>>> print(open('query23.cif').read())   # mmCIF, C-alpha atoms; chains and numbers go by the auth columns
data_protein
#
loop_
_atom_site.group_PDB
_atom_site.id
_atom_site.type_symbol
_atom_site.label_atom_id
_atom_site.label_comp_id
_atom_site.label_asym_id
_atom_site.label_seq_id
_atom_site.Cartn_x
_atom_site.Cartn_y
_atom_site.Cartn_z
_atom_site.B_iso_or_equiv
_atom_site.auth_seq_id
_atom_site.auth_asym_id
ATOM 1 C CA LEU A 1 -125.035 -27.203 -1.060 0.00 1 A
ATOM 2 C CA CYS A 2 -123.655 -29.434 -3.782 0.00 2 A
ATOM 3 C CA ARG A 3 -123.774 -27.056 -6.725 0.00 3 A
ATOM 4 C CA ASN A 4 -125.157 -28.763 -9.844 0.00 4 A
ATOM 5 C CA GLY A 5 -124.764 -32.061 -8.017 0.00 5 A
ATOM 6 C CA ARG A 6 -121.066 -32.226 -8.925 0.00 6 A
ATOM 7 C CA ASP A 7 -119.143 -30.825 -5.962 0.00 7 A
ATOM 8 C CA THR A 8 -117.779 -33.322 -3.482 0.00 8 A
ATOM 9 C CA ALA A 9 -118.331 -32.937 0.226 0.00 9 A
ATOM 10 C CA ASN A 10 -114.773 -31.679 0.695 0.00 10 A
ATOM 11 C CA ASP A 11 -115.147 -29.137 -2.126 0.00 11 A
ATOM 12 C CA VAL A 12 -118.356 -27.807 -0.614 0.00 12 A
ATOM 13 C CA ARG A 13 -116.791 -27.393 2.803 0.00 13 A
ATOM 14 C CA LYS A 14 -114.194 -25.038 1.297 0.00 14 A
ATOM 15 C CA GLN A 15 -116.823 -22.645 -0.036 0.00 15 A
ATOM 16 C CA PRO A 16 -118.089 -19.641 1.965 0.00 16 A
ATOM 17 C CA LEU A 17 -121.696 -20.706 2.445 0.00 17 A
ATOM 18 C CA ARG A 18 -124.580 -19.380 4.514 0.00 18 A
ATOM 19 C CA VAL A 19 -127.575 -21.569 5.274 0.00 19 A
ATOM 20 C CA VAL A 20 -130.664 -20.191 7.024 0.00 20 A
ATOM 21 C CA PHE A 21 -133.409 -22.527 8.235 0.00 21 A
ATOM 22 C CA VAL A 22 -136.817 -20.891 8.595 0.00 22 A
ATOM 23 C CA SER A 23 -138.469 -21.940 11.844 0.00 23 A
ATOM 24 C CA SER A 24 -141.191 -20.441 14.036 0.00 24 A
ATOM 25 C CA SER A 25 -141.784 -19.391 17.622 0.00 25 A
ATOM 26 C CA ALA A 26 -144.026 -22.473 17.720 0.00 26 A
ATOM 27 C CA ALA A 27 -140.784 -24.418 18.102 0.00 27 A
ATOM 28 C CA LEU A 28 -140.667 -23.263 21.715 0.00 28 A
ATOM 29 C CA ASP A 29 -143.584 -25.642 22.414 0.00 29 A
ATOM 30 C CA ALA A 30 -141.865 -28.686 20.901 0.00 30 A
ATOM 31 C CA ASN A 31 -141.658 -31.887 22.891 0.00 31 A
ATOM 32 C CA PHE A 32 -139.961 -34.826 21.219 0.00 32 A
ATOM 33 C CA SER A 33 -140.640 -38.266 22.601 0.00 33 A
ATOM 34 C CA SER A 34 -137.860 -39.946 24.543 0.00 34 A
ATOM 35 C CA ASN A 35 -137.183 -42.299 21.609 0.00 35 A
ATOM 36 C CA ASN A 36 -137.089 -39.495 19.009 0.00 36 A
ATOM 37 C CA ASP A 37 -140.096 -40.818 17.114 0.00 37 A
ATOM 38 C CA PHE A 38 -139.946 -38.070 14.508 0.00 38 A
ATOM 39 C CA GLN A 39 -142.410 -39.792 12.137 0.00 39 A
ATOM 40 C CA PHE A 40 -145.058 -40.748 14.729 0.00 40 A
ATOM 41 C CA SER A 41 -144.558 -44.429 14.012 0.00 41 A
ATOM 42 C CA LYS A 42 -144.910 -45.331 17.702 0.00 42 A
ATOM 43 C CA GLN A 43 -147.279 -42.641 18.933 0.00 43 A
ATOM 44 C CA LYS A 44 -150.641 -41.216 17.948 0.00 44 A
ATOM 45 C CA TYR A 45 -150.371 -38.508 15.312 0.00 45 A
ATOM 46 C CA ASN A 46 -151.255 -35.018 16.480 0.00 46 A
ATOM 47 C CA PRO A 47 -151.279 -32.147 13.914 0.00 47 A
ATOM 48 C CA ARG A 48 -150.255 -29.494 16.425 0.00 48 A
ATOM 49 C CA THR A 49 -147.426 -31.590 17.819 0.00 49 A
ATOM 50 C CA ALA A 50 -146.240 -32.402 14.314 0.00 50 A
ATOM 51 C CA TYR A 51 -146.216 -28.702 13.407 0.00 51 A
ATOM 52 C CA VAL A 52 -144.295 -27.441 16.436 0.00 52 A
ATOM 53 C CA ASN A 53 -141.859 -30.349 16.239 0.00 53 A
ATOM 54 C CA SER A 54 -141.198 -29.645 12.568 0.00 54 A
ATOM 55 C CA LYS A 55 -140.311 -26.055 13.455 0.00 55 A
ATOM 56 C CA ALA A 56 -138.018 -27.262 16.205 0.00 56 A
ATOM 57 C CA GLY A 57 -136.541 -29.661 13.665 0.00 57 A
ATOM 58 C CA ALA A 58 -135.435 -26.713 11.536 0.00 58 A
ATOM 59 C CA VAL A 59 -133.496 -25.353 14.510 0.00 59 A
ATOM 60 C CA LEU A 60 -131.944 -28.759 15.196 0.00 60 A
ATOM 61 C CA LEU A 61 -130.860 -29.226 11.588 0.00 61 A
ATOM 62 C CA ALA A 62 -129.263 -25.780 11.599 0.00 62 A
ATOM 63 C CA ASP A 63 -127.413 -26.694 14.784 0.00 63 A
ATOM 64 C CA GLU A 64 -126.230 -30.010 13.392 0.00 64 A
ATOM 65 C CA LEU A 65 -125.089 -28.511 10.093 0.00 65 A
ATOM 66 C CA ASN A 66 -123.143 -25.912 12.025 0.00 66 A
ATOM 67 C CA ASP A 67 -121.542 -28.614 14.184 0.00 67 A
ATOM 68 C CA ARG A 68 -120.546 -30.557 11.089 0.00 68 A
ATOM 69 C CA CYS A 69 -119.294 -27.727 8.892 0.00 69 A
ATOM 70 C CA GLY A 70 -118.851 -24.685 11.079 0.00 70 A
ATOM 71 C CA SER A 71 -118.302 -23.901 14.754 0.00 71 A
ATOM 72 C CA ASP A 72 -115.091 -21.887 14.475 0.00 72 A
ATOM 73 C CA ALA A 73 -114.040 -18.385 13.472 0.00 73 A
ATOM 74 C CA THR A 74 -112.665 -19.476 10.096 0.00 74 A
ATOM 75 C CA SER A 75 -115.608 -21.686 9.166 0.00 75 A
ATOM 76 C CA ALA A 76 -116.639 -21.857 5.520 0.00 76 A
ATOM 77 C CA VAL A 77 -120.245 -22.510 6.542 0.00 77 A
ATOM 78 C CA LEU A 78 -122.502 -20.378 8.689 0.00 78 A
ATOM 79 C CA SER A 79 -125.729 -22.121 9.606 0.00 79 A
ATOM 80 C CA CYS A 80 -128.479 -20.616 11.752 0.00 80 A
ATOM 81 C CA SER A 81 -132.265 -20.575 12.108 0.00 81 A
ATOM 82 C CA ILE A 82 -134.898 -17.883 12.351 0.00 82 A
ATOM 83 C CA ASP A 83 -138.476 -17.367 13.399 0.00 83 A
ATOM 84 C CA PRO A 84 -139.738 -14.572 11.087 0.00 84 A
ATOM 85 C CA GLY A 85 -142.299 -13.519 13.701 0.00 85 A
ATOM 86 C CA PRO A 86 -146.096 -13.180 13.356 0.00 86 A
ATOM 87 C CA THR A 87 -146.690 -12.754 9.638 0.00 87 A
ATOM 88 C CA ALA A 88 -149.726 -12.364 7.384 0.00 88 A
ATOM 89 C CA THR A 89 -149.182 -15.474 5.256 0.00 89 A
ATOM 90 C CA GLN A 90 -151.522 -18.272 4.205 0.00 90 A
ATOM 91 C CA ILE A 91 -151.582 -19.494 7.805 0.00 91 A
ATOM 92 C CA VAL A 92 -154.083 -16.686 8.435 0.00 92 A
ATOM 93 C CA ARG A 93 -156.744 -18.885 6.848 0.00 93 A
ATOM 94 C CA TYR A 94 -156.462 -21.222 9.836 0.00 94 A
ATOM 95 C CA THR A 95 -155.954 -18.733 12.662 0.00 95 A
ATOM 96 C CA LEU A 96 -158.106 -15.821 11.423 0.00 96 A
ATOM 97 C CA THR A 97 -160.681 -17.381 9.124 0.00 97 A
ATOM 98 C CA GLN A 98 -162.834 -14.278 8.712 0.00 98 A
ATOM 99 C CA ARG A 99 -159.822 -12.085 7.961 0.00 99 A
ATOM 100 C CA ALA A 100 -158.566 -14.623 5.439 0.00 100 A
ATOM 101 C CA THR A 101 -161.865 -14.387 3.558 0.00 101 A
ATOM 102 C CA GLN A 102 -161.529 -10.612 3.470 0.00 102 A
ATOM 103 C CA ARG A 103 -157.938 -10.840 2.219 0.00 103 A
ATOM 104 C CA ALA A 104 -159.012 -12.906 -0.777 0.00 104 A
ATOM 105 C CA ALA A 105 -160.738 -9.847 -2.260 0.00 105 A
ATOM 106 C CA MET A 106 -158.017 -7.339 -1.354 0.00 106 A
ATOM 107 C CA THR A 107 -155.200 -5.837 -3.387 0.00 107 A
ATOM 108 C CA PRO A 108 -151.624 -6.463 -2.164 0.00 108 A
ATOM 109 C CA GLU A 109 -151.541 -2.934 -0.778 0.00 109 A
ATOM 110 C CA GLN A 110 -154.783 -3.470 1.147 0.00 110 A
ATOM 111 C CA ARG A 111 -153.477 -6.755 2.550 0.00 111 A
ATOM 112 C CA ASP A 112 -150.388 -4.965 3.845 0.00 112 A
ATOM 113 C CA VAL A 113 -152.561 -2.368 5.575 0.00 113 A
ATOM 114 C CA GLN A 114 -154.689 -5.105 7.131 0.00 114 A
ATOM 115 C CA ALA A 115 -151.564 -6.928 8.331 0.00 115 A
ATOM 116 C CA LYS A 116 -150.417 -3.851 10.232 0.00 116 A
ATOM 117 C CA ARG A 117 -153.867 -3.429 11.807 0.00 117 A
ATOM 118 C CA LEU A 118 -153.699 -7.035 12.974 0.00 118 A
ATOM 119 C CA SER A 119 -150.182 -6.473 14.376 0.00 119 A
ATOM 120 C CA LEU A 120 -148.711 -8.832 11.810 0.00 120 A
ATOM 121 C CA ARG A 121 -145.678 -8.437 9.593 0.00 121 A
ATOM 122 C CA THR A 122 -146.110 -8.338 5.858 0.00 122 A
ATOM 123 C CA PRO A 123 -144.297 -11.138 3.996 0.00 123 A
ATOM 124 C CA THR A 124 -141.734 -8.590 2.816 0.00 124 A
ATOM 125 C CA GLU A 125 -141.064 -7.425 6.369 0.00 125 A
ATOM 126 C CA ALA A 126 -140.797 -11.009 7.595 0.00 126 A
ATOM 127 C CA ALA A 127 -138.250 -11.820 4.901 0.00 127 A
ATOM 128 C CA MET A 128 -135.955 -8.950 5.871 0.00 128 A
ATOM 129 C CA SER A 129 -134.310 -10.761 8.759 0.00 129 A
ATOM 130 C CA ALA A 130 -133.661 -13.916 6.739 0.00 130 A
ATOM 131 C CA VAL A 131 -132.128 -11.802 3.984 0.00 131 A
ATOM 132 C CA TRP A 132 -130.017 -10.021 6.608 0.00 132 A
ATOM 133 C CA LEU A 133 -128.696 -13.343 7.867 0.00 133 A
ATOM 134 C CA LEU A 134 -127.789 -14.358 4.328 0.00 134 A
ATOM 135 C CA THR A 135 -126.137 -11.125 3.254 0.00 135 A
ATOM 136 C CA GLN A 136 -124.838 -9.145 6.253 0.00 136 A
ATOM 137 C CA THR A 137 -121.069 -8.649 6.110 0.00 137 A
ATOM 138 C CA ASP A 138 -120.377 -5.364 7.932 0.00 138 A
ATOM 139 C CA THR A 139 -118.353 -5.496 11.124 0.00 139 A
ATOM 140 C CA ASN A 140 -118.307 -3.225 14.146 0.00 140 A
ATOM 141 C CA ASP A 141 -116.117 -4.038 17.126 0.00 141 A
ATOM 142 C CA ASN A 142 -118.355 -1.943 19.347 0.00 142 A
ATOM 143 C CA LEU A 143 -121.373 -4.138 18.620 0.00 143 A
ATOM 144 C CA PRO A 144 -120.261 -7.755 19.064 0.00 144 A
ATOM 145 C CA ASN A 145 -122.794 -10.348 17.824 0.00 145 A
ATOM 146 C CA GLN A 146 -125.192 -7.587 16.772 0.00 146 A
ATOM 147 C CA ASN A 147 -123.856 -6.836 13.319 0.00 147 A
ATOM 148 C CA GLN A 148 -122.860 -10.336 12.204 0.00 148 A
ATOM 149 C CA PRO A 149 -124.946 -13.527 12.122 0.00 149 A
ATOM 150 C CA VAL A 150 -124.080 -15.931 14.922 0.00 150 A
ATOM 151 C CA GLU A 151 -123.157 -19.478 13.937 0.00 151 A
ATOM 152 C CA GLY A 152 -125.823 -21.840 15.205 0.00 152 A
ATOM 153 C CA GLY A 153 -127.969 -18.950 16.393 0.00 153 A
ATOM 154 C CA PHE A 154 -131.756 -19.203 16.697 0.00 154 A
ATOM 155 C CA TYR A 155 -133.211 -15.762 16.007 0.00 155 A
ATOM 156 C CA LEU A 156 -136.677 -15.101 17.421 0.00 156 A
ATOM 157 C CA GLY A 157 -138.693 -12.658 15.321 0.00 157 A
ATOM 158 C CA ALA A 158 -141.559 -12.883 17.793 0.00 158 A
ATOM 159 C CA GLY A 159 -139.303 -11.063 20.229 0.00 159 A
ATOM 160 C CA ALA A 160 -138.881 -8.039 17.967 0.00 160 A
ATOM 161 C CA ALA A 161 -141.305 -5.164 17.514 0.00 161 A
ATOM 162 C CA ILE A 162 -143.273 -4.993 14.270 0.00 162 A
ATOM 163 C CA GLY A 163 -141.407 -2.687 11.909 0.00 163 A
ATOM 164 C CA SER A 164 -138.060 -3.037 13.692 0.00 164 A
ATOM 165 C CA MET A 165 -134.889 -3.535 11.671 0.00 165 A
ATOM 166 C CA PRO A 166 -132.996 -6.842 11.711 0.00 166 A
ATOM 167 C CA PRO A 167 -131.590 -8.742 13.373 0.00 167 A
ATOM 168 C CA PRO A 168 -134.240 -9.975 15.806 0.00 168 A
ATOM 169 C CA PRO A 169 -133.017 -11.117 19.235 0.00 169 A
ATOM 170 C CA LEU A 170 -131.228 -14.405 19.736 0.00 170 A
ATOM 171 C CA TRP A 171 -132.912 -17.060 21.832 0.00 171 A
ATOM 172 C CA ASN A 172 -130.406 -17.887 24.561 0.00 172 A
ATOM 173 C CA SER A 173 -132.521 -19.760 27.125 0.00 173 A
ATOM 174 C CA VAL A 174 -132.348 -23.520 27.512 0.00 174 A
ATOM 175 C CA LEU A 175 -134.738 -25.622 25.413 0.00 175 A
ATOM 176 C CA LEU A 176 -134.932 -29.241 26.577 0.00 176 A
ATOM 177 C CA TRP A 177 -135.227 -30.591 23.043 0.00 177 A
ATOM 178 C CA ARG A 178 -132.301 -28.528 21.734 0.00 178 A
ATOM 179 C CA ASN A 179 -129.367 -30.845 22.333 0.00 179 A
ATOM 180 C CA SER A 180 -126.718 -32.649 20.328 0.00 180 A
ATOM 181 C CA SER A 181 -128.278 -36.075 20.798 0.00 181 A
ATOM 182 C CA THR A 182 -131.628 -35.046 19.296 0.00 182 A
ATOM 183 C CA SER A 183 -130.083 -33.001 16.476 0.00 183 A
ATOM 184 C CA LYS A 184 -127.878 -35.917 15.434 0.00 184 A
ATOM 185 C CA ALA A 185 -130.797 -38.359 15.574 0.00 185 A
ATOM 186 C CA LEU A 186 -132.936 -36.064 13.416 0.00 186 A
ATOM 187 C CA TRP A 187 -130.105 -35.532 10.933 0.00 187 A
ATOM 188 C CA LYS A 188 -129.667 -39.305 10.640 0.00 188 A
ATOM 189 C CA THR A 189 -133.394 -39.810 10.040 0.00 189 A
ATOM 190 C CA CYS A 190 -133.482 -37.100 7.368 0.00 190 A
ATOM 191 C CA ALA A 191 -130.359 -38.525 5.718 0.00 191 A
ATOM 192 C CA GLU A 192 -131.880 -42.012 5.565 0.00 192 A
ATOM 193 C CA LEU A 193 -135.143 -40.738 4.088 0.00 193 A
ATOM 194 C CA SER A 194 -133.558 -38.483 1.474 0.00 194 A
ATOM 195 C CA SER A 195 -130.550 -40.585 0.501 0.00 195 A
ATOM 196 C CA PRO A 196 -132.317 -42.644 -2.231 0.00 196 A
ATOM 197 C CA TYR A 197 -133.110 -39.442 -4.118 0.00 197 A
ATOM 198 C CA LEU A 198 -129.660 -37.843 -3.917 0.00 198 A
ATOM 199 C CA THR A 199 -126.486 -38.020 -5.963 0.00 199 A
ATOM 200 C CA LYS A 200 -123.546 -39.923 -4.525 0.00 200 A
ATOM 201 C CA GLU A 201 -121.804 -36.631 -3.792 0.00 201 A
ATOM 202 C CA ALA A 202 -124.802 -35.328 -1.864 0.00 202 A
ATOM 203 C CA GLN A 203 -125.094 -38.647 -0.022 0.00 203 A
ATOM 204 C CA ALA A 204 -121.454 -38.297 1.049 0.00 204 A
ATOM 205 C CA PHE A 205 -122.118 -34.791 2.287 0.00 205 A
ATOM 206 C CA ILE A 206 -125.006 -35.747 4.568 0.00 206 A
ATOM 207 C CA ALA A 207 -123.517 -39.043 5.768 0.00 207 A
#
>>> encode(input="query23.cif", output="C-alpha cells")
Amino acid sequence: LCRNGRDTANDVRKQPLRVVFVSSSAALDANFSSNNDFQFSKQKYNPRTAYVNSKAGAVLLADELNDRCGSDATSAVLSCSIDPGPTATQIVRYTLTQRATQRAAMTPEQRDVQAKRLSLRTPTEAAMSAVWLLTQTDTNDNLPNQNQPVEGGFYLGAGAAIGSMPPPPLWNSVLLWRNSSTSKALWKTCAELSSPYLTKEAQAFIA
C-alpha cells in the first residue's frame, strides 16, 4: 500500500486502491477463543483450528481495512475477501494423496483435465474471481451489486458452480467471529508483530 515505502498514510488514502484478501470456505468453521488468542499462547495448538482461523483472519483484515480506509461511496480504497472455491492446488497432496501422486507425473494440460474430473477448479479458473474483484469497473444500474465489487464483501467461490463466470455469491449470513471487536483485535496483533520490520510510513498506516 505504501508504494516504494515512501508514501505517507494520508497520501495512500488518496489513491484509488483495491485490496483483495484470499480466504477459503474453511473460514466458515472458524471459532476464535473468547480472549482472541490468535497465536495459541494460552491454548493447545491445533493445526485444523489454526488453518480455519487463518482463513477467517483474512476476512477480518479485509473488513478492518475497509472500515479504516473505505466504507463510503467515494472511498479511495476497496477492500474485500474471497474464497476461490475448491481448487486443484498443492493442498491436493493432503486431501487426495493418491491423486497428488498421479499429478506429479502429469503435464499441465492433463492436470487440468483431472481437476475437472474431480470437480475442482484449475488454478487459472480459481484466479478469475480475484482478478475480477481487482479489475472490474463496468456499471449497470439494472444489476446492483452484481457488476461491481462490494466494499467489505466476502465472496464465496464454494457457492458457485465449477466453470461459472465471476463474481461468486456474497456471503450474507451472520458469522459469530465476524465482528468489529475481533477484526480490530486481530489488526492490532498483526500491527504489533509486523511493525519492527516496516518503514515509519508503513507503521503510521497500520497504527
>>> atom_distance(input="query23.cif", atom1="atom CA of Pro108 of chain A", atom2="atom CA of Ala127 of chain A")
16.0 Å
>>> atom_distance(input="query23.cif", atom1="atom CA of Val59 of chain A", atom2="atom CA of Ser81 of chain A")
5.5 Å
>>> closest_residue(input="query23.cif", among="A:Ser23, A:Asn31, A:Ser119, A:Leu134", to="Glu151 of chain A", atoms="all atoms listed in the file")
A:Leu134
>>> closest_atom_pairs(input="query23.cif", of="segment 30-147 of chain A", to="segment 159-169 of chain A", cutoff="7 Å", atoms="all atoms listed in the file", output="tab-separated table")
residue	atom	partner	partner_atom	distance
A:Arg121	CA	A:Ile162	CA	6.3
A:Met128	CA	A:Pro166	CA	6.9
A:Ser129	CA	A:Pro166	CA	5.1
A:Trp132	CA	A:Pro166	CA	6.7
>>> residues_around(input="query23.cif", residues="Pro84 of chain A", least_positions_apart="6", cutoff="8 Å", atoms="all atoms listed in the file", output="VMD selection string")
chain A and resid 22 to 24 126 to 127 129 to 130 156 to 158
>>> residues_around(input="query23.cif", residues="Gly57 of chain A", least_positions_apart="6", cutoff="12 Å", atoms="all atoms listed in the file", output="JSON, numbers by chain")
{"A": [21, 22, 23, 24, 26, 27, 28, 29, 30, 31, 32, 36, 38, 39, 49, 50, 51, 63, 64, 81, 82, 154, 177, 178, 179, 182, 183, 184, 185, 186, 187, 189, 190]}
>>> closest_residue(input="query23.cif", among="A:Val174, A:Val52, A:Leu78, A:Leu65", to="Leu133 of chain A", atoms="all atoms listed in the file")
A:Leu78
>>> atom_distance(input="query23.cif", atom1="atom CA of Ser79 of chain A", atom2="atom CA of Arg48 of chain A")
26.5 Å
>>> axis_aligned_box(input="query23.cif", around="segment 189-205 of chain A", padding_each_side="5 Å", output="JSON")
{"center_x": -128.3, "center_y": -38.7, "center_z": 2.0, "size_x": 23.7, "size_y": 17.9, "size_z": 26.0}
>>> closest_residue(input="query23.cif", among="A:Leu118, A:Leu175, A:Cys80, A:Val113", to="Val19 of chain A", atoms="only C-alpha atoms")
A:Cys80
>>> closest_residue(input="query23.cif", among="A:Pro123, A:Ala58, A:Arg68, A:Arg111", to="Thr89 of chain A", atoms="only C-alpha atoms")
A:Pro123
>>> closest_residue(input="query23.cif", among="A:Ser25, A:Gln148, A:Gln110, A:Ser41", to="Gly85 of chain A", atoms="all atoms listed in the file")
A:Ser25
>>> decode(input="query23.cif", residues="segment 93-103 of chain A", atoms="all heavy atoms", output="short mmCIF file (atom, residue, chain, number, x, y, z; two decimals), in the first residue's frame")
data_model
loop_
_atom_site.label_atom_id
_atom_site.label_comp_id
_atom_site.auth_asym_id
_atom_site.auth_seq_id
_atom_site.Cartn_x
_atom_site.Cartn_y
_atom_site.Cartn_z
N ARG A 93 -2.30 -32.64 -2.14
CA ARG A 93 -1.39 -33.66 -1.59
C ARG A 93 -1.80 -34.08 -0.19
O ARG A 93 -1.41 -35.15 0.28
CB ARG A 93 0.04 -33.12 -1.59
CG ARG A 93 0.24 -31.90 -0.72
CD ARG A 93 1.64 -31.32 -0.89
NE ARG A 93 1.74 -30.02 -0.25
CZ ARG A 93 2.83 -29.27 -0.27
NH1 ARG A 93 3.90 -29.70 -0.92
NH2 ARG A 93 2.85 -28.11 0.32
N TYR A 94 -2.60 -33.25 0.49
CA TYR A 94 -3.07 -33.61 1.82
C TYR A 94 -4.46 -34.23 1.79
O TYR A 94 -4.75 -35.13 2.58
CB TYR A 94 -3.12 -32.36 2.72
CG TYR A 94 -1.78 -31.67 2.88
CD1 TYR A 94 -1.56 -30.41 2.34
CD2 TYR A 94 -0.74 -32.30 3.56
CE1 TYR A 94 -0.34 -29.78 2.47
CE2 TYR A 94 0.49 -31.67 3.71
CZ TYR A 94 0.69 -30.41 3.15
OH TYR A 94 1.90 -29.79 3.29
N THR A 95 -5.31 -33.75 0.90
CA THR A 95 -6.69 -34.21 0.87
C THR A 95 -6.92 -35.38 -0.08
O THR A 95 -7.84 -36.17 0.12
CB THR A 95 -7.62 -33.06 0.47
OG1 THR A 95 -7.23 -32.55 -0.82
CG2 THR A 95 -7.54 -31.93 1.50
N LEU A 96 -6.11 -35.47 -1.14
CA LEU A 96 -6.25 -36.54 -2.13
C LEU A 96 -4.86 -37.08 -2.46
O LEU A 96 -4.32 -36.85 -3.55
CB LEU A 96 -6.93 -36.03 -3.41
CG LEU A 96 -8.36 -35.49 -3.25
CD1 LEU A 96 -8.79 -34.75 -4.52
CD2 LEU A 96 -9.33 -36.62 -2.93
N THR A 97 -4.28 -37.78 -1.51
CA THR A 97 -2.88 -38.21 -1.62
C THR A 97 -2.60 -39.00 -2.89
O THR A 97 -1.60 -38.75 -3.59
CB THR A 97 -2.49 -39.06 -0.39
OG1 THR A 97 -2.79 -38.34 0.80
CG2 THR A 97 -1.01 -39.38 -0.42
N GLN A 98 -3.46 -39.95 -3.22
CA GLN A 98 -3.23 -40.76 -4.41
C GLN A 98 -3.27 -39.91 -5.67
O GLN A 98 -2.44 -40.07 -6.58
CB GLN A 98 -4.27 -41.88 -4.50
CG GLN A 98 -4.07 -42.81 -5.70
CD GLN A 98 -5.11 -43.92 -5.75
OE1 GLN A 98 -5.91 -44.07 -4.85
NE2 GLN A 98 -5.08 -44.71 -6.81
N ARG A 99 -4.24 -39.00 -5.73
CA ARG A 99 -4.35 -38.12 -6.91
C ARG A 99 -3.14 -37.21 -7.01
O ARG A 99 -2.67 -36.90 -8.10
CB ARG A 99 -5.62 -37.28 -6.81
CG ARG A 99 -6.91 -38.10 -6.75
CD ARG A 99 -7.09 -38.95 -7.99
NE ARG A 99 -8.37 -39.63 -7.99
CZ ARG A 99 -8.74 -40.53 -8.90
NH1 ARG A 99 -7.91 -40.88 -9.85
NH2 ARG A 99 -9.93 -41.09 -8.84
N ALA A 100 -2.63 -36.77 -5.88
CA ALA A 100 -1.46 -35.89 -5.89
C ALA A 100 -0.26 -36.60 -6.48
O ALA A 100 0.54 -36.02 -7.22
CB ALA A 100 -1.15 -35.42 -4.47
N THR A 101 -0.10 -37.89 -6.16
CA THR A 101 0.99 -38.67 -6.73
C THR A 101 0.85 -38.78 -8.24
O THR A 101 1.83 -38.66 -8.99
CB THR A 101 1.01 -40.08 -6.12
OG1 THR A 101 1.15 -39.98 -4.69
CG2 THR A 101 2.16 -40.90 -6.68
N GLN A 102 -0.38 -38.97 -8.71
CA GLN A 102 -0.62 -39.04 -10.14
C GLN A 102 -0.29 -37.71 -10.81
O GLN A 102 0.31 -37.67 -11.90
CB GLN A 102 -2.08 -39.40 -10.41
CG GLN A 102 -2.48 -40.79 -9.96
CD GLN A 102 -3.98 -41.02 -10.08
OE1 GLN A 102 -4.75 -40.08 -10.28
NE2 GLN A 102 -4.40 -42.27 -9.95
N ARG A 103 -0.65 -36.62 -10.17
CA ARG A 103 -0.45 -35.29 -10.76
C ARG A 103 1.02 -34.97 -10.96
O ARG A 103 1.38 -34.21 -11.86
CB ARG A 103 -1.10 -34.23 -9.86
CG ARG A 103 -2.61 -34.26 -9.89
CD ARG A 103 -3.20 -33.27 -8.89
NE ARG A 103 -2.93 -31.89 -9.25
CZ ARG A 103 -3.62 -31.20 -10.14
NH1 ARG A 103 -4.62 -31.78 -10.78
NH2 ARG A 103 -3.34 -29.94 -10.39
#
